[in-house]
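**Q** The structure under discussion is supplied below as structure tokens; questions concerning it will follow.
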Amino acid sequence: MKTPQFITREIIAQIYKKPAATAHKGILGHALIIGGSYGKIGAVCLSAKAALKSGCGLVTAFIPQCGYNILQTYVPEVMVQTDVHDKIITDIQYNLAPSTIGIGPGMGQEPETQKAFYHWLSQQNKPLVIDADALNILSQNRDWLHFVPAQSIMTPHPKELERIIGSWKTHEEMLQKAAQFSEQHQVIVVVKGAPTNIVFDNQIYRNTTGNVALATAGSGDVLTGIITSFLAQNYSPLEAAILGVYLHGKTADIATPEIGSQAFTASEIIAYLGKAFMSLD
């Protein structure tokens, strides 16, 4: 495994592309966020709004029926399609062709949801962003990993990572096992933490932004939306992961001097994305 490469402002300046002055929503990508279940619709709300606030032209959410009014009210700019079931996802079917798909936030792990995820995943051929319960389902059904398209982005927190790669004794061993998993399945692994590390192709990219303010409920759901947005905007999967992690952390760096870390919530990440983008200018 190579020496970590630090994700600095200089690296981001080489990746980040400002939208053209003549751009319109039809060419800025269409992200689909799949997830949600009764009591966990907020996860999809955060992901979908974060995708919009990261510059995606169009965002659609696929959720159980119980979340329809919630999502339409929370973020009216997001389009919504619903499952046939009221409280959980049981059949992932939608009448659109998204640029990119993020799946997992708040989705739950009910048997019907796992079955729906299996049938849907087996038909995918473009890189995905896989988070939360989608990762947990994969950890329970490891033979499904061969369906995951190459260069998909997995975004586990430490416990989700442990479920999918096994336990470790040291931080170095954890990164080594993540690198082996990445190489075996040809996926990008965003190891969320302090700091966040991105593992791909035997290389570690270590983030330099962020602080303890990000240790809050929903922070990972927001990151999923941001990365999905960048992937939809035609960044490469690795670029989308690097840029997403950097800006996600940057929001906390900008906000903390203004509001402190204790009062910082996942919604603040979304609110401060504009200032994070402006810091790149």
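Note on naming: chains are A, B, ... as they come in the structure tokens, residues start from 1 per chain, ligands start from 1 in the order shown.
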Find the residues near Asp201 of chain A: any atom within 10 Å, counting only C-alpha atoms, skip ones fewer than 3 places away on the same chain, and give them as a ChimeraX atom specification.
**A** /A:1-2,151,179-180,182-184,186-188,204
**Q** Would you kindly return, as an MDAnalysis selection string, each protein, DNA or RNA residue with an atom no farther than 12 Å from any atom of Thr208 of chain A, considering only C-alpha atoms and excluding same-chain residues fewer than 5 positions away?
**A** chainID A and resid 4:12 193:198 242:243 245:250 252:253
**Q** Mind writing the picked residues with N, CA and C atoms as a PDB file, in the first residue's frame?
**A**
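result23.pdb, written as the output of this step:
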ATOM      1  N   PRO A   4      -0.002   7.572   1.947  1.00  0.00           N
ATOM      2  CA  PRO A   4      -1.227   8.346   1.691  1.00  0.00           C
ATOM      3  C   PRO A   4      -0.961   9.655   0.960  1.00  0.00           C
ATOM      4  N   GLN A   5      -1.836   9.965   0.033  1.00  0.00           N
ATOM      5  CA  GLN A   5      -1.791  11.253  -0.657  1.00  0.00           C
ATOM      6  C   GLN A   5      -2.818  12.161   0.005  1.00  0.00           C
ATOM      7  N   PHE A   6      -2.403  13.315   0.464  1.00  0.00           N
ATOM      8  CA  PHE A   6      -3.304  14.204   1.184  1.00  0.00           C
ATOM      9  C   PHE A   6      -4.167  15.001   0.209  1.00  0.00           C
ATOM     10  N   ILE A   7      -5.454  15.088   0.526  1.00  0.00           N
ATOM     11  CA  ILE A   7      -6.404  15.836  -0.309  1.00  0.00           C
ATOM     12  C   ILE A   7      -6.365  17.292   0.135  1.00  0.00           C
ATOM     13  N   THR A   8      -5.643  18.096  -0.587  1.00  0.00           N
ATOM     14  CA  THR A   8      -5.454  19.499  -0.253  1.00  0.00           C
ATOM     15  C   THR A   8      -6.252  20.384  -1.205  1.00  0.00           C
ATOM     16  N   ARG A   9      -6.278  21.660  -0.895  1.00  0.00           N
ATOM     17  CA  ARG A   9      -6.968  22.617  -1.758  1.00  0.00           C
ATOM     18  C   ARG A   9      -6.355  22.616  -3.158  1.00  0.00           C
ATOM     19  N   GLU A  10      -5.058  22.411  -3.232  1.00  0.00           N
ATOM     20  CA  GLU A  10      -4.371  22.380  -4.526  1.00  0.00           C
ATOM     21  C   GLU A  10      -4.832  21.178  -5.360  1.00  0.00           C
ATOM     22  N   ILE A  11      -5.017  20.038  -4.711  1.00  0.00           N
ATOM     23  CA  ILE A  11      -5.511  18.861  -5.417  1.00  0.00           C
ATOM     24  C   ILE A  11      -6.938  19.105  -5.899  1.00  0.00           C
ATOM     25  N   ILE A  12      -7.755  19.696  -5.039  1.00  0.00           N
ATOM     26  CA  ILE A  12      -9.148  19.970  -5.399  1.00  0.00           C
ATOM     27  C   ILE A  12      -9.225  20.954  -6.568  1.00  0.00           C
ATOM     28  N   GLY A 193     -14.318   8.841   8.816  1.00  0.00           N
ATOM     29  CA  GLY A 193     -13.699   8.925  10.137  1.00  0.00           C
ATOM     30  C   GLY A 193     -12.987  10.244  10.309  1.00  0.00           C
ATOM     31  N   ALA A 194     -12.080  10.274  11.275  1.00  0.00           N
ATOM     32  CA  ALA A 194     -11.312  11.493  11.544  1.00  0.00           C
ATOM     33  C   ALA A 194      -9.820  11.156  11.463  1.00  0.00           C
ATOM     34  N   PRO A 195      -9.184  11.329  10.309  1.00  0.00           N
ATOM     35  CA  PRO A 195      -9.750  11.862   9.067  1.00  0.00           C
ATOM     36  C   PRO A 195     -10.406  10.760   8.220  1.00  0.00           C
ATOM     37  N   THR A 196     -11.141  11.177   7.213  1.00  0.00           N
ATOM     38  CA  THR A 196     -11.698  10.244   6.239  1.00  0.00           C
ATOM     39  C   THR A 196     -10.624   9.859   5.237  1.00  0.00           C
ATOM     40  N   ASN A 197     -10.560   8.571   4.924  1.00  0.00           N
ATOM     41  CA  ASN A 197      -9.620   8.062   3.930  1.00  0.00           C
ATOM     42  C   ASN A 197     -10.389   7.449   2.768  1.00  0.00           C
ATOM     43  N   ILE A 198      -9.926   7.695   1.569  1.00  0.00           N
ATOM     44  CA  ILE A 198     -10.501   7.092   0.372  1.00  0.00           C
ATOM     45  C   ILE A 198      -9.489   6.083  -0.153  1.00  0.00           C
ATOM     46  N   ILE A 242     -13.353  12.173  -3.938  1.00  0.00           N
ATOM     47  CA  ILE A 242     -12.374  13.103  -3.370  1.00  0.00           C
ATOM     48  C   ILE A 242     -12.990  14.483  -3.174  1.00  0.00           C
ATOM     49  N   LEU A 243     -13.648  14.989  -4.200  1.00  0.00           N
ATOM     50  CA  LEU A 243     -14.255  16.319  -4.123  1.00  0.00           C
ATOM     51  C   LEU A 243     -15.375  16.340  -3.087  1.00  0.00           C
ATOM     52  N   VAL A 245     -15.810  14.405  -0.361  1.00  0.00           N
ATOM     53  CA  VAL A 245     -15.285  14.318   1.005  1.00  0.00           C
ATOM     54  C   VAL A 245     -14.661  15.646   1.432  1.00  0.00           C
ATOM     55  N   TYR A 246     -13.933  16.276   0.530  1.00  0.00           N
ATOM     56  CA  TYR A 246     -13.272  17.542   0.859  1.00  0.00           C
ATOM     57  C   TYR A 246     -14.291  18.635   1.185  1.00  0.00           C
ATOM     58  N   LEU A 247     -15.289  18.800   0.331  1.00  0.00           N
ATOM     59  CA  LEU A 247     -16.277  19.861   0.546  1.00  0.00           C
ATOM     60  C   LEU A 247     -17.170  19.568   1.753  1.00  0.00           C
ATOM     61  N   HIS A 248     -17.493  18.319   1.963  1.00  0.00           N
ATOM     62  CA  HIS A 248     -18.261  17.906   3.139  1.00  0.00           C
ATOM     63  C   HIS A 248     -17.527  18.356   4.407  1.00  0.00           C
ATOM     64  N   GLY A 249     -16.238  18.090   4.456  1.00  0.00           N
ATOM     65  CA  GLY A 249     -15.450  18.518   5.610  1.00  0.00           C
ATOM     66  C   GLY A 249     -15.293  20.023   5.693  1.00  0.00           C
ATOM     67  N   LYS A 250     -15.178  20.659   4.553  1.00  0.00           N
ATOM     68  CA  LYS A 250     -14.972  22.108   4.517  1.00  0.00           C
ATOM     69  C   LYS A 250     -16.146  22.851   5.138  1.00  0.00           C
ATOM     70  N   ALA A 252     -17.846  22.085   7.724  1.00  0.00           N
ATOM     71  CA  ALA A 252     -17.660  22.113   9.176  1.00  0.00           C
ATOM     72  C   ALA A 252     -16.557  23.087   9.566  1.00  0.00           C
ATOM     73  N   ASP A 253     -15.506  23.160   8.758  1.00  0.00           N
ATOM     74  CA  ASP A 253     -14.412  24.092   9.054  1.00  0.00           C
ATOM     75  C   ASP A 253     -14.899  25.540   8.979  1.00  0.00           C
TER      76      ASP A 253
END
**Q** Just the number, please: distance in Å from atom CA of Lys159 of chain A to atom CA of Ser219 of chain A, one decimal.
**A**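 A separation of 15.1 Å between them.
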**Q** If you run DSSP on the backbone here, which positions in segment 111-194 of chain A get strand (DSSP E)? Please write them as a PyMOL selection string.
**A** chain A and resi 129-130+153-154+188-191
**Q** Write out as a list of chain:residue names the residues lying within 9 Å of Glu268 of chain A, counting only C-alpha atoms and excluding same-chain residues fewer than 5 positions away.
**A**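 Near neighbours after the sequence-gap exclusion: A:Thr251, A:Ala252, A:Ala255, A:Leu273.
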**Q** Take the residues just selected and output them with N, CA, C and O atoms as a PDB file, in the first residue's frame.
**A**
ATOM      1  N   THR A 251     -17.353  22.324   4.982  1.00  0.00           N
ATOM      2  CA  THR A 251     -18.514  23.007   5.576  1.00  0.00           C
ATOM      3  C   THR A 251     -18.356  23.125   7.090  1.00  0.00           C
ATOM      4  O   THR A 251     -18.688  24.157   7.676  1.00  0.00           O
ATOM      5  N   ALA A 252     -17.846  22.085   7.724  1.00  0.00           N
ATOM      6  CA  ALA A 252     -17.660  22.113   9.176  1.00  0.00           C
ATOM      7  C   ALA A 252     -16.557  23.087   9.566  1.00  0.00           C
ATOM      8  O   ALA A 252     -16.662  23.779  10.590  1.00  0.00           O
ATOM      9  N   ALA A 255     -18.170  26.515   9.293  1.00  0.00           N
ATOM     10  CA  ALA A 255     -19.274  26.762  10.222  1.00  0.00           C
ATOM     11  C   ALA A 255     -18.845  26.830  11.678  1.00  0.00           C
ATOM     12  O   ALA A 255     -19.411  27.606  12.458  1.00  0.00           O
ATOM     13  N   LEU A 273     -22.780  24.470   2.258  1.00  0.00           N
ATOM     14  CA  LEU A 273     -22.150  24.027   1.015  1.00  0.00           C
ATOM     15  C   LEU A 273     -21.819  25.196   0.091  1.00  0.00           C
ATOM     16  O   LEU A 273     -20.789  25.190  -0.587  1.00  0.00           O
TER      17      LEU A 273
END
